[in-house]
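For reference, structure_13.txt (compact mmCIF, C-alpha atoms):
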# COMPACT_ATOMS: atom_id res chain seq x y z
CA MET A 1 -4.30 94.31 -36.00
CA ARG A 2 -1.72 93.03 -33.54
CA TYR A 3 0.10 89.78 -32.95
CA ARG A 4 2.45 88.29 -30.37
CA MET A 5 5.26 85.87 -31.16
CA TYR A 6 5.37 82.80 -28.90
CA GLY A 7 8.47 81.57 -30.70
CA SER A 8 10.86 82.90 -33.33
CA ILE A 9 10.60 82.23 -37.06
CA ASN A 10 13.77 82.01 -39.10
CA GLU A 11 12.57 82.47 -42.66
CA GLY A 12 9.99 85.22 -42.60
CA LEU A 13 6.37 85.68 -41.56
CA LEU A 14 3.32 86.12 -43.81
CA ILE A 15 0.38 87.90 -42.16
CA ASP A 16 -3.09 87.91 -43.70
CA VAL A 17 -5.54 90.51 -42.40
CA LEU A 18 -9.01 89.62 -43.64
CA TYR A 19 -12.50 91.04 -43.33
CA GLY A 20 -14.62 88.09 -44.33
CA GLU A 21 -12.65 86.78 -47.30
CA GLU A 22 -11.30 90.17 -48.41
CA HIS A 23 -7.80 91.41 -47.59
CA VAL A 24 -7.63 94.65 -45.59
CA ALA A 25 -5.34 97.54 -46.63
CA GLN A 26 -2.05 96.16 -48.03
CA SER A 27 -2.63 92.61 -46.72
CA PRO A 28 -0.95 90.15 -47.07
CA TYR A 29 2.10 91.52 -45.26
CA LEU A 30 5.46 89.75 -45.55
CA LEU A 31 8.14 90.28 -42.90
CA LYS A 32 11.37 88.94 -44.38
CA GLY A 33 14.15 87.24 -42.46
CA ALA A 34 13.82 86.10 -38.87
CA VAL A 35 10.91 87.43 -36.79
CA LEU A 36 12.02 87.22 -33.19
CA HIS A 37 10.37 86.30 -29.91
CA GLU A 38 10.05 88.97 -27.19
CA TYR A 39 12.86 87.38 -25.16
CA CYS A 40 15.42 87.47 -27.97
CA ASP A 41 18.26 89.75 -26.94
CA CYS A 42 18.95 91.43 -30.27
CA PRO A 43 19.10 95.20 -29.67
CA GLU A 44 19.34 97.74 -32.45
CA GLU A 45 22.85 99.20 -32.08
CA ASP A 46 21.93 102.64 -33.44
CA PRO A 47 19.34 104.29 -31.16
CA GLU A 48 18.40 106.88 -33.78
CA THR A 49 17.54 104.17 -36.32
CA TRP A 50 15.36 102.53 -33.68
CA ARG A 51 13.66 105.86 -32.86
CA ARG A 52 12.94 106.55 -36.52
CA THR A 53 11.57 103.05 -37.04
CA LEU A 54 9.11 103.54 -34.18
CA SER A 55 8.31 107.12 -35.28
CA CYS A 56 9.19 108.36 -31.80
CA PRO A 57 8.27 112.04 -31.35
CA THR A 58 11.17 114.47 -31.34
CA GLU A 59 10.03 115.88 -28.00
CA GLU A 60 7.98 114.74 -25.01
CA PRO A 61 6.64 117.88 -23.26
CA GLN A 62 6.35 116.33 -19.80
CA ALA A 63 9.85 114.85 -19.94
CA THR A 64 11.26 118.18 -21.13
CA ALA A 65 9.61 119.99 -18.22
CA ASP A 66 10.72 117.36 -15.70
CA PHE A 67 14.40 117.82 -16.55
CA VAL A 68 14.43 121.64 -16.33
CA PRO A 69 15.58 121.58 -12.66
CA PHE A 70 18.38 119.15 -13.54
CA PRO A 71 20.83 120.60 -16.11
CA SER A 72 23.52 118.43 -14.51
CA ILE A 73 23.26 115.25 -12.43
CA ASP A 74 25.87 114.64 -9.74
CA LEU A 75 25.98 110.86 -9.29
CA GLN A 76 28.20 111.07 -6.21
CA ARG A 77 25.72 113.36 -4.49
CA MET A 78 22.92 110.96 -5.40
CA LEU A 79 24.90 108.06 -3.96
CA THR A 80 25.33 109.91 -0.67
CA GLU A 81 21.93 111.57 -0.25
CA VAL A 82 19.30 109.24 -1.75
CA PRO A 83 19.68 106.38 0.76
CA LYS A 84 19.47 108.78 3.73
CA ARG A 85 16.70 111.05 2.45
CA PHE A 86 14.43 108.55 0.75
CA ALA A 87 15.35 104.90 1.25
CA GLU A 88 15.47 105.00 5.05
CA LYS A 89 12.20 106.95 5.33
CA ARG A 90 10.21 105.62 2.39
CA GLY A 91 11.75 102.19 1.91
CA ALA A 92 10.72 101.98 -1.75
CA ILE A 93 13.80 103.00 -3.76
CA VAL A 94 15.64 100.88 -6.31
CA HIS A 95 19.10 101.93 -7.50
CA TYR A 96 19.99 100.93 -11.08
CA THR A 97 23.07 101.14 -13.25
CA VAL A 98 22.88 100.36 -16.96
CA LEU A 99 26.34 99.63 -18.35
CA ASN A 100 27.12 98.07 -21.73
CA ASN A 101 23.39 97.38 -22.11
CA LYS A 102 23.37 95.21 -18.96
CA ILE A 103 21.08 95.99 -16.01
CA TYR A 104 22.41 96.05 -12.45
CA ARG A 105 20.45 96.98 -9.34
CA ARG A 106 20.22 97.06 -5.57
CA ALA A 107 17.05 97.50 -3.54
CA LEU A 108 17.08 100.28 -0.92
CA GLY A 109 14.34 99.68 1.62
CA LYS A 110 11.72 97.17 2.73
CA TYR A 111 9.02 97.87 0.17
CA THR A 112 10.66 97.25 -3.19
CA ASP A 113 8.65 94.31 -4.53
CA PHE A 114 7.48 96.45 -7.45
CA LYS A 115 11.03 96.37 -8.78
CA MET A 116 9.78 93.44 -10.86
CA PHE A 117 8.00 96.01 -13.06
CA SER A 118 11.00 98.31 -13.45
CA ASP A 119 13.19 95.24 -14.14
CA GLU A 120 10.70 94.11 -16.76
CA ILE A 121 10.68 97.28 -18.84
CA LEU A 122 14.43 97.84 -18.58
CA LEU A 123 15.15 94.29 -19.75
CA SER A 124 12.57 94.45 -22.52
CA LEU A 125 13.83 97.80 -23.79
CA SER A 126 17.47 96.67 -23.67
CA ARG A 127 16.59 93.69 -25.90
CA LYS A 128 15.22 96.09 -28.52
CA VAL A 129 17.72 98.97 -28.52
CA ARG A 130 21.12 99.66 -26.99
CA LEU A 131 20.52 101.81 -23.92
CA PRO A 132 22.88 104.59 -22.88
CA ASP A 133 25.14 104.03 -19.88
CA PHE A 134 23.44 105.68 -16.92
CA GLU A 135 22.80 105.36 -13.20
CA PHE A 136 19.51 106.32 -11.58
CA TYR A 137 17.11 105.80 -8.67
CA ILE A 138 13.45 104.89 -9.14
CA ASN A 139 10.75 105.29 -6.53
CA VAL A 140 8.55 102.20 -6.73
CA GLY A 141 6.05 103.53 -4.17
CA ASP A 142 2.85 105.40 -4.94
CA TRP A 143 3.63 108.98 -3.96
CA PRO A 144 6.13 111.30 -5.66
CA ILE A 145 8.84 112.06 -3.11
CA GLU A 146 11.12 114.95 -4.12
CA HIS A 147 9.48 118.15 -2.84
CA ARG A 148 12.45 120.51 -2.82
CA LYS A 149 12.13 123.46 -5.17
CA ALA A 150 14.64 124.17 -7.89
CA ASN A 151 15.88 127.36 -6.18
CA GLU A 152 16.44 125.73 -2.78
CA THR A 153 19.89 124.95 -1.39
CA PRO A 154 20.57 122.09 -1.56
CA GLY A 155 18.43 121.61 -4.63
CA PRO A 156 16.17 118.71 -5.61
CA LEU A 157 17.45 115.29 -6.64
CA PRO A 158 16.37 113.69 -9.95
CA ILE A 159 14.28 110.82 -8.61
CA ILE A 160 12.29 108.85 -11.18
CA SER A 161 8.67 107.96 -10.27
CA TRP A 162 5.50 106.70 -11.92
CA CYS A 163 3.30 109.53 -10.68
CA GLY A 164 3.93 113.27 -10.44
CA SER A 165 2.34 116.08 -8.47
CA MET A 166 2.16 119.85 -8.62
CA ASP A 167 4.38 120.23 -5.55
CA SER A 168 7.06 117.63 -6.41
CA ARG A 169 10.06 117.49 -8.77
CA ASP A 170 10.10 113.78 -9.62
CA ILE A 171 10.85 112.75 -13.21
CA ILE A 172 7.81 110.83 -14.46
CA LEU A 173 7.66 107.63 -16.48
CA PRO A 174 4.57 105.80 -17.80
CA THR A 175 3.13 103.85 -14.87
CA TYR A 176 4.08 100.27 -14.14
CA ASP A 177 0.43 99.38 -14.78
CA ILE A 178 0.22 100.47 -18.41
CA ILE A 179 3.75 99.24 -19.15
CA HIS A 180 3.00 95.79 -17.71
CA SER A 181 -0.29 95.58 -19.62
CA THR A 182 1.62 96.46 -22.81
CA TYR A 183 4.35 93.92 -22.12
CA GLU A 184 1.80 91.19 -21.34
CA THR A 185 -0.54 91.96 -24.25
CA LEU A 186 -2.19 88.85 -25.73
CA ARG A 187 -0.62 86.70 -23.03
CA GLY A 188 -2.14 87.63 -19.67
CA VAL A 189 -5.75 87.68 -18.58
CA THR A 190 -5.74 91.30 -17.38
CA ASN A 191 -6.98 94.23 -19.43
CA ASP A 192 -4.52 95.98 -21.68
CA LEU A 193 -4.66 99.27 -23.51
CA LEU A 194 -5.50 97.68 -26.84
CA SER A 195 -8.12 95.21 -25.64
CA ILE A 196 -10.16 98.12 -24.21
CA GLN A 197 -10.59 99.54 -27.71
CA GLY A 198 -12.48 96.48 -28.89
CA ASN A 199 -14.70 96.19 -25.81
CA THR A 200 -16.34 99.56 -25.33
CA GLY A 201 -19.85 98.33 -24.70
CA PRO A 202 -23.06 99.32 -26.48
CA SER A 203 -23.21 102.16 -28.97
CA TRP A 204 -23.51 105.65 -27.46
CA SER A 205 -27.27 105.86 -27.89
CA ASN A 206 -27.76 102.50 -26.15
CA LYS A 207 -25.60 103.21 -23.10
CA THR A 208 -27.22 103.78 -19.70
CA GLU A 209 -27.46 107.51 -19.00
CA GLN A 210 -25.78 107.41 -15.59
CA ALA A 211 -22.33 108.20 -14.28
CA PHE A 212 -20.54 105.09 -13.02
CA PHE A 213 -17.82 104.30 -10.50
CA ARG A 214 -16.43 101.18 -8.86
CA GLY A 215 -13.24 100.99 -6.84
CA ARG A 216 -11.46 100.66 -3.50
CA ASP A 217 -11.86 103.06 -0.58
CA SER A 218 -8.42 104.59 -1.13
CA ARG A 219 -9.61 108.20 -0.81
CA GLU A 220 -12.35 109.79 1.25
CA GLU A 221 -13.92 111.42 -1.80
CA ARG A 222 -14.72 107.92 -3.03
CA LEU A 223 -16.87 107.37 0.06
CA GLN A 224 -18.53 110.71 -0.60
CA LEU A 225 -19.19 109.53 -4.14
CA VAL A 226 -21.15 106.55 -2.80
CA ARG A 227 -23.18 108.82 -0.52
CA LEU A 228 -24.06 111.00 -3.52
CA SER A 229 -25.05 107.87 -5.42
CA LYS A 230 -27.48 106.84 -2.70
CA LYS A 231 -29.11 110.28 -2.76
CA HIS A 232 -29.17 110.62 -6.57
CA PRO A 233 -29.38 107.12 -8.07
CA ASP A 234 -30.87 108.55 -11.26
CA LEU A 235 -27.58 110.36 -11.97
CA LEU A 236 -24.89 108.23 -10.39
CA ASP A 237 -24.15 104.56 -9.73
CA ALA A 238 -21.12 104.38 -7.41
CA GLY A 239 -19.91 101.60 -5.14
CA ILE A 240 -16.86 100.54 -3.11
CA THR A 241 -15.63 97.04 -3.98
CA GLY A 242 -13.01 96.68 -1.25
CA TYR A 243 -12.42 98.31 2.13
CA PHE A 244 -8.85 98.74 3.36
CA PHE A 245 -8.58 102.32 4.67
CA PHE A 246 -12.07 102.95 6.08
CA ARG A 247 -13.21 99.53 7.29
CA GLU A 248 -15.48 101.08 9.92
CA ILE A 249 -17.61 102.61 7.12
CA GLU A 250 -18.27 99.35 5.27
CA GLU A 251 -21.39 98.37 7.19
CA LYS A 252 -22.95 101.78 6.67
CA LEU A 253 -22.11 102.27 2.98
CA GLY A 254 -22.19 98.63 1.89
CA LYS A 255 -19.86 96.75 -0.39
CA ALA A 256 -20.52 96.57 -4.12
CA PRO A 257 -19.82 93.33 -6.03
CA LEU A 258 -16.94 93.30 -8.45
CA ILE A 259 -17.82 94.00 -12.06
CA GLY A 260 -15.83 93.28 -15.21
CA PHE A 261 -14.06 96.38 -16.51
CA PHE A 262 -15.62 96.11 -19.95
CA ASP A 263 -19.03 96.38 -18.29
CA PHE A 264 -18.12 99.88 -17.13
CA PHE A 265 -18.73 101.02 -20.68
CA LYS A 266 -22.40 100.11 -20.55
CA TYR A 267 -22.67 103.55 -18.92
CA LYS A 268 -22.35 106.85 -20.78
CA TYR A 269 -20.32 108.63 -18.11
CA GLN A 270 -17.28 107.41 -16.17
CA VAL A 271 -16.25 109.11 -12.93
CA ASN A 272 -12.49 109.23 -12.31
CA VAL A 273 -11.55 109.97 -8.69
CA ASP A 274 -8.01 109.78 -7.33
CA GLY A 275 -6.91 106.79 -5.30
CA THR A 276 -3.85 107.20 -3.09
CA VAL A 277 -2.43 109.21 -6.01
CA ALA A 278 -3.66 109.55 -9.61
CA ALA A 279 -6.09 106.74 -10.41
CA TYR A 280 -4.19 104.43 -12.75
CA ARG A 281 -7.46 103.37 -14.38
CA PHE A 282 -7.69 106.78 -16.06
CA PRO A 283 -5.91 105.81 -19.33
CA TYR A 284 -8.20 102.78 -19.66
CA LEU A 285 -11.30 104.92 -19.13
CA MET A 286 -10.05 107.38 -21.75
CA LEU A 287 -9.71 104.58 -24.31
CA GLY A 288 -13.37 103.60 -23.97
CA ASP A 289 -16.13 105.52 -25.71
CA SER A 290 -17.85 106.86 -22.61
CA LEU A 291 -17.44 110.44 -21.42
CA VAL A 292 -14.85 110.70 -18.63
CA LEU A 293 -15.55 113.09 -15.78
CA LYS A 294 -12.23 113.72 -14.03
CA GLN A 295 -11.69 115.03 -10.52
CA ASP A 296 -9.40 118.07 -10.26
CA SER A 297 -6.15 116.74 -8.89
CA PRO A 298 -2.59 117.73 -8.03
CA TYR A 299 -1.44 114.31 -9.29
CA TYR A 300 -0.68 113.40 -12.89
CA GLU A 301 0.69 110.71 -15.17
CA HIS A 302 3.13 111.26 -18.01
CA PHE A 303 0.48 111.99 -20.68
CA TYR A 304 -1.84 114.35 -18.79
CA VAL A 305 0.06 117.37 -20.13
CA ALA A 306 -1.51 116.77 -23.55
CA LEU A 307 -5.11 116.68 -22.25
CA GLN A 308 -7.41 119.67 -22.15
CA PRO A 309 -10.53 119.95 -19.94
CA TRP A 310 -13.77 120.31 -21.90
CA LYS A 311 -12.02 119.00 -25.01
CA HIS A 312 -10.90 115.54 -23.87
CA TYR A 313 -12.77 115.16 -20.57
CA VAL A 314 -15.13 117.05 -18.27
CA PRO A 315 -13.52 118.33 -15.04
CA PHE A 316 -15.19 118.53 -11.64
CA LYS A 317 -14.06 119.98 -8.33
CA ARG A 318 -11.85 118.03 -6.00
CA ASN A 319 -14.51 118.11 -3.25
CA LEU A 320 -17.10 116.78 -5.75
CA GLY A 321 -19.14 119.95 -5.18
CA ASP A 322 -20.17 120.33 -8.82
CA LEU A 323 -20.15 116.68 -9.94
CA LEU A 324 -23.93 116.30 -10.10
CA GLU A 325 -24.13 119.54 -12.03
CA LYS A 326 -21.61 118.22 -14.58
CA ILE A 327 -23.54 114.96 -14.98
CA LYS A 328 -26.73 116.92 -15.60
CA TRP A 329 -24.88 119.07 -18.14
CA ALA A 330 -23.76 115.95 -20.00
CA LYS A 331 -27.29 114.57 -20.10
CA GLU A 332 -28.66 117.88 -21.41
CA ASN A 333 -25.89 118.32 -24.01
CA ASP A 334 -25.66 114.84 -25.46
CA GLU A 335 -23.93 115.63 -28.74
CA GLU A 336 -21.29 117.79 -27.11
CA ALA A 337 -20.70 115.13 -24.46
CA ARG A 338 -20.30 112.51 -27.16
CA SER A 339 -17.85 114.75 -29.03
CA ILE A 340 -15.68 115.23 -25.92
CA ALA A 341 -15.71 111.48 -25.30
CA LYS A 342 -14.56 110.85 -28.88
CA GLU A 343 -11.81 113.49 -28.75
CA GLY A 344 -10.47 112.02 -25.53
CA GLN A 345 -10.52 108.51 -26.92
CA LEU A 346 -8.67 109.50 -30.10
CA LEU A 347 -5.95 111.34 -28.23
CA ALA A 348 -5.49 108.48 -25.77
CA ARG A 349 -5.21 106.03 -28.67
CA GLU A 350 -2.43 108.16 -30.13
CA LEU A 351 -0.49 108.75 -26.90
CA LEU A 352 -0.80 105.28 -25.35
CA GLN A 353 0.15 103.02 -28.24
CA PRO A 354 2.82 100.50 -27.17
CA HIS A 355 5.57 102.05 -29.27
CA ARG A 356 4.90 105.48 -27.75
CA LEU A 357 5.38 104.06 -24.26
CA TYR A 358 8.70 102.48 -25.21
CA CYS A 359 9.72 105.74 -26.89
CA TYR A 360 8.89 107.69 -23.75
CA TYR A 361 11.01 105.47 -21.52
CA PHE A 362 13.95 105.69 -23.91
CA THR A 363 13.62 109.49 -24.15
CA VAL A 364 13.76 109.87 -20.36
CA PHE A 365 16.75 107.53 -20.09
CA GLN A 366 18.57 109.36 -22.87
CA LYS A 367 17.96 112.79 -21.29
CA TYR A 368 19.13 111.47 -17.95
CA ALA A 369 22.33 109.96 -19.39
CA GLU A 370 23.21 113.20 -21.21
CA ARG A 371 23.13 115.12 -17.91
CA GLN A 372 25.41 112.86 -15.86
CA ALA A 373 28.48 114.77 -14.69
CA THR A 374 30.52 111.58 -14.19
CA PRO A 375 30.41 108.07 -15.66
CA PRO A 376 27.97 105.61 -14.05
CA GLU A 377 29.38 102.77 -11.98
CA ILE A 378 28.31 99.35 -10.71
CA ARG A 379 28.08 100.10 -6.98
CA ASP A 380 28.65 97.85 -3.98
CA GLY A 381 25.65 95.63 -3.38
CA MET A 382 24.40 95.72 -6.98
CA GLU A 383 23.54 92.48 -8.77
CA LEU A 384 23.06 91.70 -12.44
CA VAL A 385 19.43 91.45 -13.49
CA PRO A 386 19.49 88.53 -15.95
CA GLN A 387 17.51 88.38 -19.15
CA PRO A 388 14.66 85.81 -19.18
CA ASP A 389 15.45 82.31 -20.36
CA ASP A 390 14.96 82.21 -24.15
CA SER A 391 15.87 78.53 -24.58
CA ASN A 392 12.53 77.86 -26.31
CA SER A 393 13.15 80.54 -28.91
CA ILE A 394 15.38 80.69 -31.95
CA CYS A 395 17.28 83.95 -31.61
CA ASP A 396 19.44 84.44 -34.67
CA CYS A 397 20.05 88.17 -34.40
CA LYS A 398 21.87 88.31 -37.74
CA LYS A 399 18.71 87.24 -39.56
CA LYS A 400 16.27 89.51 -37.74
CA THR A 401 13.76 91.48 -39.78
CA ASN A 402 15.01 94.90 -40.83
CA LEU A 403 12.05 96.90 -39.64
CA LYS A 404 13.41 100.04 -41.18
CA GLU A 405 13.06 98.43 -44.61
CA GLU A 406 9.81 96.61 -43.88
CA LEU A 407 7.92 99.58 -42.43
Please go through the file and, once you have read it, give me the structure as structure tokens.
Amino acid sequence: MRYRMYGSINEGLLIDVLYGEEHVAQSPYLLKGAVLHEYCDCPEEDPETWRRTLSCPTEEPQATADFVPFPSIDLQRMLTEVPKRFAEKRGAIVHYTVLNNKIYRRALGKYTDFKMFSDEILLSLSRKVRLPDFEFYINVGDWPIEHRKANETPGPLPIISWCGSMDSRDIILPTYDIIHSTYETLRGVTNDLLSIQGNTGPSWSNKTEQAFFRGRDSREERLQLVRLSKKHPDLLDAGITGYFFFREIEEKLGKAPLIGFFDFFKYKYQVNVDGTVAAYRFPYLMLGDSLVLKQDSPYYEHFYVALQPWKHYVPFKRNLGDLLEKIKWAKENDEEARSIAKEGQLLARELLQPHRLYCYYFTVFQKYAERQATPPEIRDGMELVPQPDDSNSICDCKKKTNLKEEL
């Protein structure tokens, strides 16, 4: 059960969770005191209390690994080198300073429109818990950008990105896509990580026994996937829904009509092929109850480290050379395929819950702040990122629900 507050309530909230006319679990639930709207700026002053309330894990393996090359962070070096190395070439860097729980930033480059997503999560998190004082640079482009090795001189810089790769040293955060879907849950019209769980199509035995793919032409293997589909329609239904990179191929391969994402799960097997980097649909596919076949890839998101091939998904070669073989295996080993699909879904449900995503962001920010060699500063050209207007909400922070007591 989930709910979203569209306004604040001053005197407590009673929540009934019913199946038919029967209460479920410990329903009815009473949250005492004020229950606040998302835009209420009432952060928990003690970060450890907040972490305990959310049951944040004590360690995030990917974050721990990402910080190994960075025992100390020289902010003056970052200030000198980042604009020259990355902003001028890539044009998709945003420089932030968080000071006294206020967010300040300056855009470095032409392609920084996606700063709206990094603004969004920083502001939302700062309304919930007091953030440490820290200064960092986030790459809002697709590709990870720091490719220096830890033993090089000069060494790598701690750039934060949404996607990692085997040959880069970027510090990875949950993607803007899953964070935005979490933030907008029950308000927007796009899919979110929780809505997928209630819309997973027919039962396993009633799903179509084909592998399925729809997507843009953002990687050549996706075109190859369509060619395989034309040769083996009994095993694979693949189509390109939009041509941007290989327009000259459209007439030959054809363009598939758009299909609602929930309809993907009418098929037993989902094919996950990289786009420009890791395909950001992957977490959504994992949350369905179809078997995910995942292309071998040098790219990864923050949670991939917890996944195991043949336990949570079925891998196939990057050149698609054994994809048809893996689809045939799944058809011939139905119970095992169903078991892998279920294991993957359960792990994704655990790792991608909203509170885990907020915990992950806070963990990375905390690790970063602890490694700063000098205090962060509000630099020339930075502007305050204001909190959203909460004039329609009652925000009496003194009366807010004590979640530690309630939960």
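Between atom CA of Leu236 of chain A and atom CA of Asn333 of chain A there is a distance of 17.0 Å.
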Give, as lines of an AutoDock Vina configuration file, the centre coordinates and the x, y and z edge lengths in Å to one decimal for an axis-aligned box around all listed atoms of segment 112-123 of chain A, padded by 3 Å on each side.
center_x = 11.3
center_y = 95.9
center_z = -11.5
size_x = 13.7
size_y = 10.9
size_z = 22.6
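You can rank A:Thr208, A:Gln372, A:Asn10, A:Asn191 by their closest distance to Pro283 of chain A using all atoms listed in the file, and at the top of that list sits A:Asn191.
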Exercise: segment 104-115 of chain A partners within 12 Å, all atoms listed in the file, chain neighbours under 5 positions left out, as a PDB file with C-alpha atoms, in the frame of the given file:
ATOM      1  CA  LEU A  79      24.900 108.060  -3.960  1.00  0.00           C
ATOM      2  CA  VAL A  82      19.300 109.240  -1.750  1.00  0.00           C
ATOM      3  CA  PRO A  83      19.680 106.380   0.760  1.00  0.00           C
ATOM      4  CA  LYS A  84      19.470 108.780   3.730  1.00  0.00           C
ATOM      5  CA  ARG A  85      16.700 111.050   2.450  1.00  0.00           C
ATOM      6  CA  PHE A  86      14.430 108.550   0.750  1.00  0.00           C
ATOM      7  CA  ALA A  87      15.350 104.900   1.250  1.00  0.00           C
ATOM      8  CA  GLU A  88      15.470 105.000   5.050  1.00  0.00           C
ATOM      9  CA  LYS A  89      12.200 106.950   5.330  1.00  0.00           C
ATOM     10  CA  ARG A  90      10.210 105.620   2.390  1.00  0.00           C
ATOM     11  CA  GLY A  91      11.750 102.190   1.910  1.00  0.00           C
ATOM     12  CA  ALA A  92      10.720 101.980  -1.750  1.00  0.00           C
ATOM     13  CA  ILE A  93      13.800 103.000  -3.760  1.00  0.00           C
ATOM     14  CA  VAL A  94      15.640 100.880  -6.310  1.00  0.00           C
ATOM     15  CA  HIS A  95      19.100 101.930  -7.500  1.00  0.00           C
ATOM     16  CA  TYR A  96      19.990 100.930 -11.080  1.00  0.00           C
ATOM     17  CA  THR A  97      23.070 101.140 -13.250  1.00  0.00           C
ATOM     18  CA  VAL A  98      22.880 100.360 -16.960  1.00  0.00           C
ATOM     19  CA  LEU A  99      26.340  99.630 -18.350  1.00  0.00           C
ATOM     20  CA  GLU A 120      10.700  94.110 -16.760  1.00  0.00           C
ATOM     21  CA  ILE A 121      10.680  97.280 -18.840  1.00  0.00           C
ATOM     22  CA  LEU A 122      14.430  97.840 -18.580  1.00  0.00           C
ATOM     23  CA  LEU A 123      15.150  94.290 -19.750  1.00  0.00           C
ATOM     24  CA  ASP A 133      25.140 104.030 -19.880  1.00  0.00           C
ATOM     25  CA  PHE A 134      23.440 105.680 -16.920  1.00  0.00           C
ATOM     26  CA  GLU A 135      22.800 105.360 -13.200  1.00  0.00           C
ATOM     27  CA  PHE A 136      19.510 106.320 -11.580  1.00  0.00           C
ATOM     28  CA  TYR A 137      17.110 105.800  -8.670  1.00  0.00           C
ATOM     29  CA  ILE A 138      13.450 104.890  -9.140  1.00  0.00           C
ATOM     30  CA  ASN A 139      10.750 105.290  -6.530  1.00  0.00           C
ATOM     31  CA  VAL A 140       8.550 102.200  -6.730  1.00  0.00           C
ATOM     32  CA  GLY A 141       6.050 103.530  -4.170  1.00  0.00           C
ATOM     33  CA  ASP A 142       2.850 105.400  -4.940  1.00  0.00           C
ATOM     34  CA  SER A 161       8.670 107.960 -10.270  1.00  0.00           C
ATOM     35  CA  TRP A 162       5.500 106.700 -11.920  1.00  0.00           C
ATOM     36  CA  THR A 175       3.130 103.850 -14.870  1.00  0.00           C
ATOM     37  CA  TYR A 176       4.080 100.270 -14.140  1.00  0.00           C
ATOM     38  CA  ASP A 177       0.430  99.380 -14.780  1.00  0.00           C
ATOM     39  CA  HIS A 180       3.000  95.790 -17.710  1.00  0.00           C
ATOM     40  CA  PRO A 376      27.970 105.610 -14.050  1.00  0.00           C
ATOM     41  CA  GLU A 377      29.380 102.770 -11.980  1.00  0.00           C
ATOM     42  CA  ILE A 378      28.310  99.350 -10.710  1.00  0.00           C
ATOM     43  CA  ARG A 379      28.080 100.100  -6.980  1.00  0.00           C
ATOM     44  CA  ASP A 380      28.650  97.850  -3.980  1.00  0.00           C
ATOM     45  CA  GLY A 381      25.650  95.630  -3.380  1.00  0.00           C
ATOM     46  CA  MET A 382      24.400  95.720  -6.980  1.00  0.00           C
ATOM     47  CA  GLU A 383      23.540  92.480  -8.770  1.00  0.00           C
ATOM     48  CA  LEU A 384      23.060  91.700 -12.440  1.00  0.00           C
ATOM     49  CA  VAL A 385      19.430  91.450 -13.490  1.00  0.00           C
ATOM     50  CA  PRO A 386      19.490  88.530 -15.950  1.00  0.00           C
ATOM     51  CA  GLN A 387      17.510  88.380 -19.150  1.00  0.00           C
TER      52      GLN A 387
END
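Between Arg356 of chain A and the residues A:Lys255, A:Lys311, A:Arg52, A:His23, the shortest atom-to-atom distance, using all atoms listed in the file, involves A:Arg52.
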Seminar exercise, completed: One residue among A:Val68, A:Glu220, A:Phe245, A:Met78 is nearest to Asn151 of chain A when using only C-alpha atoms, and that residue is A:Val68
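Using all atoms listed in the file for every distance, the candidate list A:Glu370, A:Glu209, A:Glu48, A:Asp170 yields A:Glu209 as the residue closest to Asp234 of chain A.
Closest approach to Leu323 of chain A among A:Leu173, A:Val292, A:Leu351, A:Ile9 is made by A:Val292 (distances from only C-alpha atoms).
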Exercise. Of the candidates A:Gly321, A:Pro132, A:Pro156, A:Pro57, which shows the shortest atom-to-atom distance to Leu225 of chain A, using all atoms listed in the file?
Worked result: A:Gly321
Exercise. Which polymer residues have any atom within 10 Å of an atom of Leu36 of chain A, counting only C-alpha atoms, with same-chain residues fewer than 2 positions away left out, as a PyMOL selection string?
Worked result: chain A and resi 5-10+12+33-34+38-42+393-397+399-401
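Across the structure, atom CA of Lys398 of chain A and atom CA of Cys56 of chain A are spaced 24.5 Å apart.
These residues, each with an atom at most 9 Å from (6.7, 108.8, -23.0) using all atoms listed in the file, are Glu60, Gln62, Ala63, Ile172, Leu173, Pro174, His302, Phe303, Leu351, Leu352, Arg356, Leu357, Tyr358, Cys359, Tyr360, Tyr361, Phe362, Thr363 and Val364 of chain A.
Taking atom CA of Glu325 of chain A as the reference point, atom CA of Ile240 of chain A is found at 22.2 Å.
Neighbouring residues of Glu250 of chain A at 10 Å or closer, counting all atoms listed in the file and skipping chain neighbours under 6 positions away, are Asp217, Leu223, Ile240, Thr241, Gly242, Tyr243 and Phe244 of chain A.
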Please produce an output containing C-alpha atoms for each residue in the selection, written as a short mmCIF file (atom, residue, chain, number, x, y, z; two decimals), keeping the file's coordinate frame.
data_model
loop_
_atom_site.label_atom_id
_atom_site.label_comp_id
_atom_site.auth_asym_id
_atom_site.auth_seq_id
_atom_site.Cartn_x
_atom_site.Cartn_y
_atom_site.Cartn_z
CA ASP A 217 -11.86 103.06 -0.58
CA LEU A 223 -16.87 107.37 0.06
CA ILE A 240 -16.86 100.54 -3.11
CA THR A 241 -15.63 97.04 -3.98
CA GLY A 242 -13.01 96.68 -1.25
CA TYR A 243 -12.42 98.31 2.13
CA PHE A 244 -8.85 98.74 3.36
#
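Excluding Phe70 of chain A itself and same-chain residues fewer than 6 positions from it, the residues having an atom within 8 Å of it are Leu157, Pro158 and Arg371 of chain A, counting all atoms listed in the file.
Residues within 12 Å of Asn319 of chain A, counting only C-alpha atoms and excluding same-chain residues fewer than 4 positions away, are Arg219, Glu220, Glu221, Arg222, Leu223, Gln224, Leu225, Leu228, Val273, Asp274, Lys294, Gln295, Asp296, Ser297, Pro315, Leu323 and Leu324 of chain A.
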